file coords_38.csv (CSV, C-alpha atoms)
chain,number,residue,atom,x,y,z
A,7,MET,CA,16.3,2.2,-22.2
A,8,VAL,CA,17.8,3.0,-18.8
A,9,THR,CA,21.1,4.7,-18.7
A,10,ASN,CA,23.6,5.4,-15.9
A,11,ASP,CA,26.4,7.7,-17.1
A,12,GLU,CA,27.7,5.8,-20.2
A,13,MET,CA,26.1,2.4,-19.2
A,14,ARG,CA,23.0,1.5,-21.2
A,15,VAL,CA,20.4,-1.2,-20.5
A,16,LEU,CA,17.5,-2.0,-23.0
A,17,ILE,CA,14.3,-3.5,-21.5
A,18,ASP,CA,12.9,-5.6,-24.2
A,19,VAL,CA,13.7,-5.3,-27.9
A,20,GLY,CA,10.3,-5.6,-29.6
A,21,LEU,CA,11.2,-3.8,-32.9
A,22,SER,CA,13.3,-5.2,-35.7
A,23,TYR,CA,17.1,-4.7,-35.3
A,24,ARG,CA,16.9,-2.1,-38.2
A,25,ASP,CA,14.3,-0.1,-36.4
A,26,VAL,CA,16.0,-0.3,-33.0
A,27,LYS,CA,19.3,0.8,-34.6
A,28,ARG,CA,17.6,3.7,-36.3
A,29,ARG,CA,15.9,4.9,-33.1
A,30,LEU,CA,19.0,4.5,-30.9
A,31,CYS,CA,21.1,6.4,-33.4
A,32,GLY,CA,18.4,9.1,-33.3
A,33,LEU,CA,19.2,9.4,-29.6
A,34,GLY,CA,22.9,9.6,-30.3
A,35,VAL,CA,23.4,6.0,-29.0
A,36,GLU,CA,25.3,3.4,-31.0
A,37,PRO,CA,23.9,-0.1,-30.7
A,38,ALA,CA,27.4,-1.4,-29.9
A,39,SER,CA,27.3,0.7,-26.8
A,40,VAL,CA,24.4,-1.2,-25.2
A,41,ASN,CA,25.6,-3.1,-22.2
A,42,ALA,CA,22.7,-5.5,-21.5
A,43,ILE,CA,19.2,-6.5,-22.6
A,44,MET,CA,16.5,-7.4,-20.1
A,45,ILE,CA,13.5,-9.4,-21.4
A,46,THR,CA,10.2,-9.1,-19.5
A,47,HIS,CA,8.4,-12.0,-21.3
A,48,ALA,CA,8.7,-14.1,-24.5
A,49,HIS,CA,6.0,-12.5,-26.7
A,50,GLY,CA,7.3,-11.5,-30.0
A,51,ASP,CA,6.5,-7.8,-29.6
A,52,HIS,CA,9.1,-7.8,-26.8
A,53,THR,CA,11.8,-10.0,-28.3
A,54,ARG,CA,11.7,-9.5,-32.0
A,55,GLY,CA,15.1,-7.7,-32.4
A,56,ALA,CA,16.8,-9.0,-29.3
A,57,ARG,CA,18.6,-12.0,-30.9
A,58,VAL,CA,20.2,-10.0,-33.7
A,59,LEU,CA,21.2,-7.1,-31.5
A,60,SER,CA,22.7,-9.5,-29.0
A,61,ARG,CA,24.7,-11.4,-31.6
A,62,ARG,CA,25.9,-8.5,-33.6
A,63,HIS,CA,27.2,-6.5,-30.6
A,64,ALA,CA,27.9,-9.2,-28.1
A,65,VAL,CA,25.2,-7.9,-25.7
A,66,PRO,CA,24.2,-10.3,-22.8
A,67,VAL,CA,20.5,-11.1,-22.5
A,68,TYR,CA,18.9,-11.4,-19.0
A,69,THR,CA,15.8,-13.5,-18.6
A,70,THR,CA,14.2,-15.8,-16.1
A,71,ALA,CA,14.5,-19.6,-16.8
A,72,ALA,CA,10.8,-19.8,-17.7
A,73,ILE,CA,11.0,-16.9,-20.1
A,74,ARG,CA,14.0,-18.3,-21.8
A,75,ALA,CA,12.3,-21.7,-22.2
A,76,GLU,CA,9.2,-20.2,-23.8
A,77,TRP,CA,11.1,-17.9,-26.0
A,78,GLY,CA,13.3,-20.8,-27.3
A,79,ALA,CA,16.1,-18.6,-28.6
A,80,THR,CA,19.4,-20.4,-28.8
A,81,ASP,CA,21.6,-18.0,-30.6
A,82,VAL,CA,22.1,-14.9,-28.3
A,83,ALA,CA,25.6,-13.8,-27.4
A,84,GLU,CA,25.3,-14.7,-23.8
A,85,TRP,CA,22.6,-15.7,-21.3
A,86,ARG,CA,22.3,-14.2,-17.8
A,87,VAL,CA,19.8,-15.5,-15.3
A,88,LEU,CA,17.2,-13.3,-13.6
A,89,THR,CA,15.5,-14.7,-10.5
A,90,LEU,CA,12.3,-13.3,-9.2
A,91,GLY,CA,12.8,-11.2,-6.1
A,92,ARG,CA,16.6,-11.3,-6.3
A,93,VAL,CA,18.6,-8.2,-7.0
A,94,SER,CA,20.7,-8.0,-10.1
A,95,ASP,CA,23.4,-5.3,-9.9
A,96,LEU,CA,24.0,-4.1,-13.4
A,97,CYS,CA,25.7,-1.0,-14.8
A,98,GLY,CA,25.4,0.8,-11.4
A,99,LEU,CA,21.7,0.0,-11.2
A,100,ARG,CA,19.9,-2.5,-9.1
A,101,PHE,CA,17.2,-4.5,-10.9
A,102,VAL,CA,14.6,-6.4,-8.9
A,103,PRO,CA,12.3,-8.5,-11.1
A,104,PHE,CA,8.9,-9.6,-9.8
A,105,ALA,CA,6.0,-11.5,-11.4
A,106,VAL,CA,3.1,-9.6,-13.0
A,107,PRO,CA,-0.1,-11.2,-14.4
A,108,HIS,CA,0.0,-11.6,-18.1
A,109,ASP,CA,-0.7,-14.4,-20.5
A,110,ALA,CA,2.8,-15.7,-21.0
A,111,SER,CA,4.5,-18.5,-19.2
A,112,GLU,CA,6.1,-15.8,-17.0
A,113,THR,CA,6.1,-12.1,-17.2
A,114,VAL,CA,8.2,-9.8,-15.0
A,115,GLY,CA,8.1,-6.1,-14.0
A,116,PHE,CA,11.1,-4.3,-12.5
A,117,ARG,CA,11.9,-2.1,-9.7
A,118,ILE,CA,15.1,-0.4,-10.7
A,119,ASP,CA,17.0,1.4,-7.9
A,120,THR,CA,19.3,4.2,-8.9
A,121,SER,CA,21.3,6.8,-7.0
A,122,ASP,CA,18.6,9.4,-7.9
A,123,GLY,CA,15.6,7.3,-6.8
A,124,ALA,CA,13.7,4.2,-8.0
A,125,ILE,CA,12.0,3.4,-11.3
A,126,GLY,CA,9.0,1.1,-11.5
A,127,TYR,CA,8.5,-0.7,-14.8
A,128,ALA,CA,5.6,-2.9,-15.9
A,129,THR,CA,4.3,-2.7,-19.5
A,130,ASP,CA,2.2,-5.9,-20.0
A,131,VAL,CA,-0.1,-6.2,-17.0
A,132,GLY,CA,-3.6,-7.8,-16.7
A,133,THR,CA,-4.3,-6.3,-13.3
A,134,LEU,CA,-2.4,-4.4,-10.6
A,135,THR,CA,-1.4,-6.7,-7.8
A,136,LEU,CA,-0.5,-6.0,-4.2
A,137,THR,CA,3.1,-6.9,-5.0
A,138,MET,CA,3.2,-4.2,-7.7
A,139,VAL,CA,1.6,-1.6,-5.4
A,140,ASP,CA,4.2,-2.4,-2.8
A,141,ARG,CA,7.2,-2.4,-5.3
A,142,PHE,CA,6.0,0.9,-6.8
A,143,ARG,CA,5.1,2.7,-3.6
A,144,ASP,CA,8.3,4.8,-3.2
A,145,CYS,CA,9.4,4.9,-6.9
A,146,ARG,CA,10.2,8.3,-8.4
A,147,VAL,CA,9.3,7.3,-12.0
A,148,LEU,CA,6.7,4.8,-13.1
A,149,VAL,CA,6.7,3.3,-16.6
A,150,ILE,CA,3.4,1.5,-16.7
A,151,GLU,CA,0.9,0.2,-19.2
A,152,SER,CA,-2.1,2.2,-20.3
A,153,ASN,CA,-3.1,-0.1,-23.1
A,154,HIS,CA,-6.8,0.5,-23.9
A,155,ALA,CA,-9.9,2.5,-23.1
A,156,ILE,CA,-12.7,0.1,-22.0
A,157,GLU,CA,-15.3,1.5,-24.4
A,158,LEU,CA,-12.9,1.5,-27.3
A,159,LEU,CA,-12.1,-2.1,-26.6
A,160,ARG,CA,-15.8,-2.9,-26.4
A,161,VAL,CA,-16.4,-1.6,-30.0
A,162,SER,CA,-13.1,-2.9,-31.3
A,163,PRO,CA,-12.8,-4.7,-34.6
A,164,TYR,CA,-10.9,-7.5,-32.8
A,165,ALA,CA,-12.6,-10.8,-32.5
A,166,ARG,CA,-14.6,-11.4,-29.3
A,167,SER,CA,-12.1,-13.9,-28.0
A,168,THR,CA,-9.2,-11.4,-28.5
A,169,ARG,CA,-11.2,-8.6,-26.8
A,170,ALA,CA,-11.9,-11.0,-23.9
A,171,ARG,CA,-8.2,-11.9,-23.6
A,172,ILE,CA,-7.1,-8.2,-23.5
A,173,ALA,CA,-9.7,-7.3,-20.9
A,174,SER,CA,-8.9,-10.3,-18.7
A,175,THR,CA,-6.8,-10.2,-15.5
A,176,GLU,CA,-3.9,-11.7,-17.5
A,177,GLY,CA,-4.3,-9.4,-20.5
A,178,HIS,CA,-3.6,-5.7,-20.6
A,179,LEU,CA,-4.2,-2.8,-18.3
A,180,SER,CA,-6.9,-0.2,-19.2
A,181,ASN,CA,-6.7,3.5,-18.8
A,182,GLU,CA,-9.4,3.2,-16.3
A,183,SER,CA,-7.6,0.6,-14.2
A,184,LEU,CA,-4.5,2.7,-14.2
A,185,ALA,CA,-6.5,5.7,-13.1
A,186,ALA,CA,-7.9,3.7,-10.2
A,187,PHE,CA,-4.3,2.8,-9.2
A,188,ILE,CA,-3.3,6.4,-9.3
A,189,ARG,CA,-6.3,7.5,-7.1
A,190,ASP,CA,-5.9,4.7,-4.6
A,191,HIS,CA,-2.2,3.8,-4.4
A,192,LEU,CA,0.1,6.3,-6.0
A,193,GLY,CA,3.2,6.8,-3.9
A,194,THR,CA,4.1,10.2,-2.6
A,195,GLU,CA,7.6,10.0,-4.2
A,196,VAL,CA,6.3,9.6,-7.7
A,197,ARG,CA,7.2,12.6,-9.9
A,198,CYS,CA,6.7,11.2,-13.4
A,199,ILE,CA,4.4,8.6,-15.0
A,200,VAL,CA,5.3,7.3,-18.4
A,201,LEU,CA,2.2,5.7,-20.1
A,202,ALA,CA,3.4,2.7,-22.1
A,203,HIS,CA,2.1,0.0,-24.5
A,204,LEU,CA,-0.8,2.0,-25.8
A,205,SER,CA,-2.9,0.1,-28.3
A,206,GLN,CA,-3.1,1.7,-31.8
A,207,VAL,CA,-6.6,0.2,-32.2
A,208,ASN,CA,-8.2,0.3,-28.8
A,209,ASN,CA,-6.8,3.6,-27.4
A,210,VAL,CA,-6.0,7.2,-28.3
A,211,PRO,CA,-2.9,8.8,-26.7
A,212,GLU,CA,-4.9,11.9,-25.8
A,213,ILE,CA,-7.6,9.8,-24.1
A,214,ALA,CA,-4.9,7.9,-22.1
A,215,GLU,CA,-3.2,11.1,-21.0
A,216,MET,CA,-6.5,12.8,-20.1
A,217,SER,CA,-7.5,9.7,-18.0
A,218,CYS,CA,-4.2,9.8,-16.2
A,219,ARG,CA,-4.3,13.6,-15.6
A,220,GLU,CA,-7.9,13.5,-14.3
A,221,ALA,CA,-6.9,10.8,-11.8
A,222,LEU,CA,-3.9,12.9,-10.7
A,223,ALA,CA,-6.1,16.0,-10.3
A,224,THR,CA,-8.6,14.0,-8.2
A,225,CYS,CA,-6.0,13.2,-5.6
A,226,GLY,CA,-4.4,16.6,-5.8
A,227,ARG,CA,-1.1,15.5,-7.4
A,228,THR,CA,-0.1,18.6,-9.3
A,229,ASP,CA,3.6,17.6,-8.8
A,230,VAL,CA,3.5,14.6,-11.3
A,231,GLU,CA,4.5,14.9,-14.9
A,232,VAL,CA,2.9,12.7,-17.5
A,233,VAL,CA,4.8,11.4,-20.5
A,234,VAL,CA,3.0,9.4,-23.3
A,235,ALA,CA,5.1,6.8,-25.1
A,236,ARG,CA,3.8,6.4,-28.6
A,237,GLN,CA,4.6,3.6,-31.0
A,238,ASN,CA,5.9,5.7,-33.9
A,239,GLN,CA,8.3,7.9,-32.1
A,240,VAL,CA,10.8,8.0,-29.2
A,241,ALA,CA,9.4,9.5,-26.0
A,242,ARG,CA,11.4,12.3,-24.4
A,243,THR,CA,14.1,11.5,-22.0
A,244,VAL,CA,13.2,11.5,-18.3
A,245,ASP,CA,16.1,12.5,-16.0
A,246,LEU,CA,15.7,11.3,-12.5
A,247,SER,CA,18.4,13.7,-11.2
A,248,ALA,CA,15.9,16.6,-11.7
A,249,TRP,CA,14.0,15.4,-8.6
A,250,ALA,CA,17.1,14.5,-6.5
A,251,PRO,CA,17.9,17.6,-4.4
A,252,GLY,CA,21.4,17.7,-2.9
A,253,LEU,CA,23.0,15.5,-5.5
A,254,GLY,CA,25.8,16.7,-7.7
A,255,ALA,CA,24.9,17.9,-11.2
A,256,ASP,CA,27.2,15.3,-12.7
A,257,VAL,CA,24.9,12.5,-11.5
A,258,SER,CA,22.6,11.5,-14.3
A,259,VAL,CA,20.3,8.5,-14.5
A,260,ARG,CA,17.9,8.6,-17.4
A,261,GLN,CA,15.0,6.4,-18.5
A,262,THR,CA,14.2,6.8,-22.2
A,263,ALA,CA,11.1,4.9,-23.3
A,264,LEU,CA,11.4,3.5,-26.8
A,265,PRO,CA,8.1,2.9,-28.6
A,266,PHE,CA,6.3,-0.4,-27.9
A,267,ASN,CA,4.4,-2.6,-30.3
call {"tool": "encode", "arguments": {"input": "coords_38.csv", "output": "structure tokens"}}
result
Amino acid sequence: MVTNDEMRVLIDVGLSYRDVKRRLCGLGVEPASVNAIMITHAHGDHTRGARVLSRRHAVPVYTTAAIRAEWGATDVAEWRVLTLGRVSDLCGLRFVPFAVPHDASETVGFRIDTSDGAIGYATDVGTLTLTMVDRFRDCRVLVIESNHAIELLRVSPYARSTRARIASTEGHLSNESLAAFIRDHLGTEVRCIVLAHLSQVNNVPEIAEMSCREALATCGRTDVEVVVARQNQVARTVDLSAWAPGLGADVSVRQTALPFN
């Protein structure tokens, strides 16, 4: 969830409505106060609770035309169109969706410009593209997939075809691939990396965090915080204004990472 003052935007709703409501209320947020839902792609672990939340609380849903067609939902409160590369001004935030490689008809990541700096967001990514490197270059916070450890995926109980899909360039990003991105392309403005979409079978949070921290140490980035988003709990709030010198204390733009399936 991205918040700007009292405005709240959910990016994907992959849990059931009951679970989403419980976790929002745990943050002191009523579901009825959500202003918009952004959908990154049509897979069920990103859309499961979106229709109910939208209908019950009259929350508009933003998707690209391709995502809407694959999803096939017909009963949300209101549809709003996202267009790749086009800015959507929403709740005092500027969302720029861009395509990322994943095995859905279309999957998007976001660059979210705020008054306290930019957020880069991509949670289902087969490989890091030049577009992503460019979009994330001057972001202050990155919410990015660290799905699996290569060796744990190799010995996974999943079927061979499933393992191959996960490891493909349209599957999911490994700890090792994220570490290579950090070493080679991490922007100088980044102050926090949120590790997202960790597999419960093919990863261990401590391994993902260690891989990220080792990559940061290799390139001398002692100024970057690491937050691990776990599936069974809400990650701590990240406040961008902490890294925005000269802005008033009343300016507050936060990114709270809800657990992913």
call {"tool": "residues_around", "arguments": {"input": "coords_38.csv", "residues": "A:Ala110", "least_positions_apart": "2", "cutoff": "9 Å", "atoms": "all atoms listed in the file", "output": "ChimeraX atom specification"}}
result
/A:47-49,73,76,107-108,112-113,176
call {"tool": "atom_distance", "arguments": {"input": "coords_38.csv", "atom1": "atom CA of A:Val40", "atom2": "atom CA of A:Asp245"}}
result
18.5 Å
call {"tool": "closest_residue", "arguments": {"input": "coords_38.csv", "among": "A:Arg100, A:Arg57, A:His154, A:Arg171", "to": "A:Val15", "atoms": "all atoms listed in the file"}}
result
A:Arg100
call {"tool": "atom_distance", "arguments": {"input": "coords_38.csv", "atom1": "atom CA of A:Pro103", "atom2": "atom CA of A:Thr89"}}
result
7.0 Å
call {"tool": "residues_around", "arguments": {"input": "coords_38.csv", "residues": "stretch 146-149 of chain A", "least_positions_apart": "3", "cutoff": "6 Å", "atoms": "all atoms listed in the file", "output": "list in words"}}
result
Gly123, Ala124, Ile125, Gly126, Tyr127, Glu195, Val196, Arg197, Cys198, Ile199 and Val200 of chain A
call {"tool": "write_last_selection", "arguments": {"input": "coords_38.csv", "atoms": "C-alpha atoms", "output": "compact mmCIF listing (two decimals), in the frame of the given file"}}
result
# COMPACT_ATOMS: atom_id res chain seq x y z
CA GLY A 123 15.60 7.30 -6.80
CA ALA A 124 13.70 4.20 -8.00
CA ILE A 125 12.00 3.40 -11.30
CA GLY A 126 9.00 1.10 -11.50
CA TYR A 127 8.50 -0.70 -14.80
CA GLU A 195 7.60 10.00 -4.20
CA VAL A 196 6.30 9.60 -7.70
CA ARG A 197 7.20 12.60 -9.90
CA CYS A 198 6.70 11.20 -13.40
CA ILE A 199 4.40 8.60 -15.00
CA VAL A 200 5.30 7.30 -18.40
call {"tool": "closest_residue", "arguments": {"input": "coords_38.csv", "among": "A:Gln239, A:Thr70, A:Asn41, A:Thr135", "to": "A:Val8", "atoms": "only C-alpha atoms"}}
result
A:Asn41
call {"tool": "closest_residue", "arguments": {"input": "coords_38.csv", "among": "A:Arg74, A:Arg166, A:Arg189, A:Arg160", "to": "A:Val207", "atoms": "only C-alpha atoms"}}
result
A:Arg160
call {"tool": "residues_around", "arguments": {"input": "coords_38.csv", "residues": "A:Ile156", "least_positions_apart": "3", "cutoff": "12 Å", "atoms": "only C-alpha atoms", "output": "mmCIF file with C-alpha atoms, keeping the file's coordinate frame"}}
result
data_model
loop_
_atom_site.group_PDB
_atom_site.id
_atom_site.type_symbol
_atom_site.label_atom_id
_atom_site.label_comp_id
_atom_site.auth_asym_id
_atom_site.auth_seq_id
_atom_site.Cartn_x
_atom_site.Cartn_y
_atom_site.Cartn_z
ATOM 1 C CA SER A 152 -2.100 2.200 -20.300
ATOM 2 C CA ASN A 153 -3.100 -0.100 -23.100
ATOM 3 C CA LEU A 159 -12.100 -2.100 -26.600
ATOM 4 C CA ARG A 160 -15.800 -2.900 -26.400
ATOM 5 C CA VAL A 161 -16.400 -1.600 -30.000
ATOM 6 C CA SER A 162 -13.100 -2.900 -31.300
ATOM 7 C CA ARG A 169 -11.200 -8.600 -26.800
ATOM 8 C CA ALA A 170 -11.900 -11.000 -23.900
ATOM 9 C CA ILE A 172 -7.100 -8.200 -23.500
ATOM 10 C CA ALA A 173 -9.700 -7.300 -20.900
ATOM 11 C CA SER A 174 -8.900 -10.300 -18.700
ATOM 12 C CA HIS A 178 -3.600 -5.700 -20.600
ATOM 13 C CA LEU A 179 -4.200 -2.800 -18.300
ATOM 14 C CA SER A 180 -6.900 -0.200 -19.200
ATOM 15 C CA ASN A 181 -6.700 3.500 -18.800
ATOM 16 C CA GLU A 182 -9.400 3.200 -16.300
ATOM 17 C CA SER A 183 -7.600 0.600 -14.200
ATOM 18 C CA LEU A 184 -4.500 2.700 -14.200
ATOM 19 C CA SER A 205 -2.900 0.100 -28.300
ATOM 20 C CA VAL A 207 -6.600 0.200 -32.200
ATOM 21 C CA ASN A 208 -8.200 0.300 -28.800
ATOM 22 C CA ASN A 209 -6.800 3.600 -27.400
ATOM 23 C CA VAL A 210 -6.000 7.200 -28.300
ATOM 24 C CA ILE A 213 -7.600 9.800 -24.100
ATOM 25 C CA ALA A 214 -4.900 7.900 -22.100
ATOM 26 C CA SER A 217 -7.500 9.700 -18.000
#
call {"tool": "atom_distance", "arguments": {"input": "coords_38.csv", "atom1": "atom CA of A:Phe187", "atom2": "atom CA of A:Val93"}}
result
25.5 Å
call {"tool": "closest_residue", "arguments": {"input": "coords_38.csv", "among": "A:Arg29, A:Arg117, A:His203, A:Arg141", "to": "A:Arg236", "atoms": "only C-alpha atoms"}}
result
A:His203
call {"tool": "closest_residue", "arguments": {"input": "coords_38.csv", "among": "A:Leu134, A:Val114, A:Cys31, A:Ile17", "to": "A:Ala185", "atoms": "all atoms listed in the file"}}
result
A:Leu134
call {"tool": "closest_residue", "arguments": {"input": "coords_38.csv", "among": "A:Ile45, A:Gly98, A:Arg61, A:Thr69", "to": "A:Arg14", "atoms": "only C-alpha atoms"}}
result
A:Gly98
call {"tool": "residues_around", "arguments": {"input": "coords_38.csv", "residues": "A:Leu90", "least_positions_apart": "2", "cutoff": "7 Å", "atoms": "only C-alpha atoms", "output": "MDAnalysis selection string"}}
result
chainID A and resid 88 92 103:105
call {"tool": "decode", "arguments": {"input": "coords_38.csv", "residues": "stretch 41-57 of chain A", "atoms": "C-alpha atoms", "output": "PDB file, in the first residue's frame"}}
result
ATOM      1  CA  ASN A  41      -8.933   5.195  -2.679  1.00  0.00           C
ATOM      2  CA  ALA A  42      -7.715   2.975  -5.523  1.00  0.00           C
ATOM      3  CA  ILE A  43      -6.456  -0.480  -6.472  1.00  0.00           C
ATOM      4  CA  MET A  44      -3.663  -0.955  -9.015  1.00  0.00           C
ATOM      5  CA  ILE A  45      -3.326  -4.415 -10.603  1.00  0.00           C
ATOM      6  CA  THR A  46       0.086  -5.468 -11.938  1.00  0.00           C
ATOM      7  CA  HIS A  47      -1.131  -8.625 -13.721  1.00  0.00           C
ATOM      8  CA  ALA A  48      -4.023 -11.069 -13.800  1.00  0.00           C
ATOM      9  CA  HIS A  49      -2.616 -14.009 -11.832  1.00  0.00           C
ATOM     10  CA  GLY A  50      -4.805 -15.020  -8.912  1.00  0.00           C
ATOM     11  CA  ASP A  51      -2.162 -14.366  -6.269  1.00  0.00           C
ATOM     12  CA  HIS A  52      -2.411 -10.689  -7.218  1.00  0.00           C
ATOM     13  CA  THR A  53      -6.153 -10.337  -7.818  1.00  0.00           C
ATOM     14  CA  ARG A  54      -7.871 -12.739  -5.388  1.00  0.00           C
ATOM     15  CA  GLY A  55      -9.478 -10.146  -3.107  1.00  0.00           C
ATOM     16  CA  ALA A  56      -9.671  -7.192  -5.493  1.00  0.00           C
ATOM     17  CA  ARG A  57     -13.209  -7.701  -6.791  1.00  0.00           C
TER      18      ARG A  57
END
